[in-house]
Structure formats: C-alpha cells, structure tokens
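> If you scroll down you'll find the structure; I have some questions about it.
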Amino acid sequence: MLAGEPAPTGPARRGAKPPVFPVTAIDDPALPEALAEPAAARADEMDADTVNRELSIARKAVGWWQRQGWIDGDPTIGIERRPAPPDRAKALTENQIAAPWRLDVALREKTQWKTLYESAARADEVLCLNVEDLYSQDKRGKITAEGGATEWTHGQSGTAQILPRLIARRTRGPLFLTDRQALAGTPTLDVCPETGRARLSYRRAEEVFEENTRLPANPLASSDDIEDLDGWTLHRLRHSALTHDAEDGTSTPMLLARSGHASVRSLERYARPRRRLGRPTRRRTRPRRTS
C-alpha cells in the first residue's frame, strides 16, 4: 500500500518480492490521507482478523523506525482497527467433516486431514512430525508443542489404518513431504534422507486444504465460480474435533489434554463446551404458597 501496489494473492505470494519504498518517504504529510483509501478497500476484501493483524505489524514497524530516528510521522494515523465479532460457527458439522474424506486427493492430504481431526492437534505441530516419532502400536506420535515442550498426539483407528500407506518403507525423516526435491540450503531436519524431498510447509498445506474445500464449504455454488469461493482452514479441523468432544460429554481433564491448553477458560472458545464441562446445576424453585 505504501508503494501504491496491490498485494499479491494466491500462488503469487510464494517468493514474491516487496516493492522498494524509501523509509524517509513515510514522513510525507500527504501519505496518511493517500493510504486511507487503499486501506479501506483492503479491509472490505479481507476478514477483520487479517486486517487488524496487518495494521498491527505496520504500526510496530513504524514505531521501530521512529525509535531509530529515521522518521517522525505515522502514516497509519486515522486507520482504525476493524471490529471482529466472535465467530461462533467455526466448528464444522459431522457431515461437513466427512466431506474432505470423499474428495479425490492425494494420500498425503487424506492422511494429514484425518490426523488433524482425530488428534485435535495444531496443524504446525502435526506437520513437524517425523516418521521415527510415531508409535503406531499406541496410535500416538511425539510432537514439540508451543514453547518447546514435548507432548504426544493421539490418533484413532482412521489414522492408524492410513498412516502405514503414507510411510511405506521410510524409517526416518519428515512424515509429510513436498512433491518435489528439497531446495539447496533446506535445513537437514526438514529433508527426508531417503527420498530427498522437503517437509511440507504450513502455508502449502493450508493452500491445498482451502482450495479443495471450496465447493464443500459452498454447497450451493457452481464449480464455475470456484476461483471466487473461500474454502475451510486447517484450524477448523482442530476446532471441530474439540467442539464435538465437548458436546459429546468429554471430561474437562481429557479436553485439556487433547487441546494442549492449561486453563479451562481457554476451552470456552469451542462451541457450547460449558454445557458439558461441569456438573449440571439444579435450579432452585421456591415452594408454592397455598392459601
């Protein structure tokens, strides 16, 4: 926006180089007014969370440049954060959850999606799984959780049945791999020593899932409009799994273990969990007076 150029979207984001923009030009008094219009247009195209995140990043950069003494002004003055109403519809229905399994996609995708839903683990943690970290007899895998702690992800029968086909004869290296050989300079930990392929990135995994779920997410739309549709995010699988667990009466300790949260309060983000988390309270009624 500062350079007056549109941000790349879709596959064009991969490897895109940002335009050159002199930091000193940010002090142009006319820039805040000129920036307001494209910022408003951007806000109309994207969801509130994305817009607010980008605005926060821009303001942190501006603040750092000001502390270095490079600029004095702030071109984001006048741009307001967008209200983000709580999304209470993140959990997919069981019929919607079943839709991705019926898609004609690669074994890698089916295994990844099944693992995410059955384990309720975070997508970035599952993508960090290595073949040697899996214990198929126990239906679990060792992951490095947020903060560097070692935790376990627990699968179910669906994951246990499909994982051996994905692993084949591999004994070590990343579980989920790209379709092509790893680029030069890729860290050794992210390269399969047996195939030479790289670990699948979160961005690519998200793109594949979003593209393949556009029609299931918009059942009334035509396949001719698929480029204009939005599919689901990988996080919806985790959110749906935990919501379904909560609605099925899963205990609080088990929900905390499955989600990786330390606080019961964190579970409130999932649809209607409070009905199931604690004991039902009896409603007290006053005795009816008789005359």
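Residue numbering restarts at 1 for every chain of the structure tokens, chains are lettered A, B, ... in their displayed order, and ligands are numbered from 1 as they appear.
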Can I get the residues of segment 152-215 of chain A within 7 Å of segment 122-144 of chain A, each with the closest pair of atoms and their distance in Å to one decimal, using only C-alpha atoms, sorted chain first then ascending number, as CSV?


residue,atom,partner,partner_atom,distance
A:Trp152,CA,A:Lys142,CA,4.7
A:Thr153,CA,A:Gly141,CA,5.2
A:His154,CA,A:Arg140,CA,4.3
A:Gly155,CA,A:Lys139,CA,5.2
A:Gln156,CA,A:Lys139,CA,6.4
A:Ala160,CA,A:Lys139,CA,6.2
A:Thr171,CA,A:Val131,CA,6.1
A:Arg172,CA,A:Val131,CA,4.9
A:Gly173,CA,A:Asn130,CA,5.3
A:Pro174,CA,A:Asn130,CA,4.3
A:Leu175,CA,A:Asn130,CA,4.8
A:Phe176,CA,A:Leu127,CA,6.4
A:Leu200,CA,A:Leu127,CA,6.8
A:Tyr202,CA,A:Asp124,CA,6.1

> For segment 73-79 of chain A, work out the shell of residues within 12 Å, counting only C-alpha atoms and skipping chain neighbours fewer than 2 positions away, then give it as a PyMOL selection string.

chain A and resi 1-2+23-43+51-52+54-67+69-71+81-82

> Would you mind telling me which residue in A:Thr250, A:Glu151, A:Thr186, A:Arg199 lies nearest to Ala121 of chain A when using only C-alpha atoms?

A:Glu151

> Using only C-alpha atoms, determine which residues lie at most 8 Å from segment 3-10 of chain A, disregarding the query and same-chain residues fewer than 6 positions distant; provide the list as number ranges by chain.

A: 16, 19-21

> May I have all residues of segment 64-263 of chain A that DSSP, computed from the backbone, assigns to alpha helix (DSSP H), given as a PyMOL selection string?

chain A and resi 64-67+94-98+107-119+123-127+157-167+202-212+214-217+235-247+252-259

> Quick one: residues within 12 Å of Ala184 of chain A, only C-alpha atoms counted, chain neighbours fewer than 3 positions away excluded, as a PyMOL selection string?

chain A and resi 181+187-188+190-191+196-198

> Put those residues in a file: C-alpha atoms, as a PDB file, in the first residue's frame.


ATOM      1  CA  GLN A 181      13.079 -32.433  -4.142  1.00  0.00           C
ATOM      2  CA  PRO A 187      17.767 -27.470   6.860  1.00  0.00           C
ATOM      3  CA  THR A 188      18.741 -31.124   7.245  1.00  0.00           C
ATOM      4  CA  ASP A 190      13.415 -30.734   7.083  1.00  0.00           C
ATOM      5  CA  VAL A 191      14.711 -33.098   4.400  1.00  0.00           C
ATOM      6  CA  GLY A 196      15.471 -36.135  -0.715  1.00  0.00           C
ATOM      7  CA  ARG A 197      12.099 -34.352  -0.522  1.00  0.00           C
ATOM      8  CA  ALA A 198      11.409 -31.485   1.885  1.00  0.00           C
TER       9      ALA A 198
END

> Write out as a PyMOL selection string which residues come within 9 Å of segment 111-118 of chain A when counting only C-alpha atoms, dropping same-chain ones fewer than 2 positions away.

chain A and resi 97+100-101+106-109+120-123+126-127+154-159+162-163+166+176+205+209+234-242

> If we count only C-alpha atoms, what is near Ile226 of chain A at a cut-off of 10 Å, once residues fewer than 4 positions away on the same chain are taken out, given as a list in words?

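Once the adjacent positions are removed, what remains is Glu211, Asn212, Thr213, Arg214, Leu215, Asn218, Ala221, Ser222, Asp230 and Gly231 of chain A.
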
> For those residues, write N, CA, C and O atoms to a file as a PDB file, in the first residue's frame.


ATOM      1  N   GLU A 211      -8.151 -24.805  -1.072  1.00  0.00           N
ATOM      2  CA  GLU A 211      -8.568 -24.955  -2.466  1.00  0.00           C
ATOM      3  C   GLU A 211      -9.501 -26.146  -2.659  1.00  0.00           C
ATOM      4  O   GLU A 211     -10.462 -26.078  -3.423  1.00  0.00           O
ATOM      5  N   ASN A 212      -9.226 -27.249  -1.967  1.00  0.00           N
ATOM      6  CA  ASN A 212     -10.021 -28.456  -2.150  1.00  0.00           C
ATOM      7  C   ASN A 212     -11.350 -28.433  -1.408  1.00  0.00           C
ATOM      8  O   ASN A 212     -12.216 -29.262  -1.687  1.00  0.00           O
ATOM      9  N   THR A 213     -11.508 -27.510  -0.465  1.00  0.00           N
ATOM     10  CA  THR A 213     -12.762 -27.468   0.297  1.00  0.00           C
ATOM     11  C   THR A 213     -13.657 -26.299  -0.098  1.00  0.00           C
ATOM     12  O   THR A 213     -14.616 -25.987   0.599  1.00  0.00           O
ATOM     13  N   ARG A 214     -13.369 -25.668  -1.211  1.00  0.00           N
ATOM     14  CA  ARG A 214     -14.192 -24.531  -1.628  1.00  0.00           C
ATOM     15  C   ARG A 214     -15.615 -24.956  -1.955  1.00  0.00           C
ATOM     16  O   ARG A 214     -16.572 -24.284  -1.555  1.00  0.00           O
ATOM     17  N   LEU A 215     -15.776 -26.050  -2.668  1.00  0.00           N
ATOM     18  CA  LEU A 215     -17.125 -26.498  -3.001  1.00  0.00           C
ATOM     19  C   LEU A 215     -17.844 -27.098  -1.795  1.00  0.00           C
ATOM     20  O   LEU A 215     -19.020 -26.792  -1.574  1.00  0.00           O
ATOM     21  N   ASN A 218     -19.174 -24.351   0.182  1.00  0.00           N
ATOM     22  CA  ASN A 218     -20.206 -23.560  -0.502  1.00  0.00           C
ATOM     23  C   ASN A 218     -21.055 -24.503  -1.361  1.00  0.00           C
ATOM     24  O   ASN A 218     -20.961 -24.491  -2.594  1.00  0.00           O
ATOM     25  N   ALA A 221     -22.950 -23.309  -4.489  1.00  0.00           N
ATOM     26  CA  ALA A 221     -22.216 -22.617  -5.547  1.00  0.00           C
ATOM     27  C   ALA A 221     -21.945 -23.556  -6.714  1.00  0.00           C
ATOM     28  O   ALA A 221     -22.015 -24.781  -6.593  1.00  0.00           O
ATOM     29  N   SER A 222     -21.629 -22.950  -7.843  1.00  0.00           N
ATOM     30  CA  SER A 222     -21.304 -23.715  -9.039  1.00  0.00           C
ATOM     31  C   SER A 222     -19.798 -23.884  -9.149  1.00  0.00           C
ATOM     32  O   SER A 222     -19.021 -23.032  -8.699  1.00  0.00           O
ATOM     33  N   ASP A 230     -14.314 -19.258  -1.039  1.00  0.00           N
ATOM     34  CA  ASP A 230     -13.381 -19.470   0.069  1.00  0.00           C
ATOM     35  C   ASP A 230     -13.626 -20.845   0.670  1.00  0.00           C
ATOM     36  O   ASP A 230     -14.773 -21.203   0.968  1.00  0.00           O
ATOM     37  N   GLY A 231     -12.564 -21.596   0.857  1.00  0.00           N
ATOM     38  CA  GLY A 231     -12.677 -22.906   1.487  1.00  0.00           C
ATOM     39  C   GLY A 231     -12.438 -22.818   2.981  1.00  0.00           C
ATOM     40  O   GLY A 231     -12.404 -21.729   3.559  1.00  0.00           O
TER      41      GLY A 231
END

> If you run DSSP on this backbone, which residues of segment 138-188 of chain A come out as strand (DSSP E or B), and could you give them as a list in words?

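Strand (DSSP E or B) members of segment 138-188 of chain A, listed: Arg140, Gly141, Lys142, Ile143, Thr144, Thr150, Glu151, Trp152, Thr153, His154, Pro174, Leu177, Thr178, Asp179, Arg180 and Gln181 of chain A.
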
> Atom CA of Thr243 of chain A and atom CA of Val208 of chain A are how many Å apart?

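So the two atoms, atom CA of Thr243 of chain A and atom CA of Val208 of chain A, lie 23.8 Å apart.
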
> One number please: atom CA of Leu256 of chain A to atom CA of Trp232 of chain A, in Å, one decimal.

24.5 Å
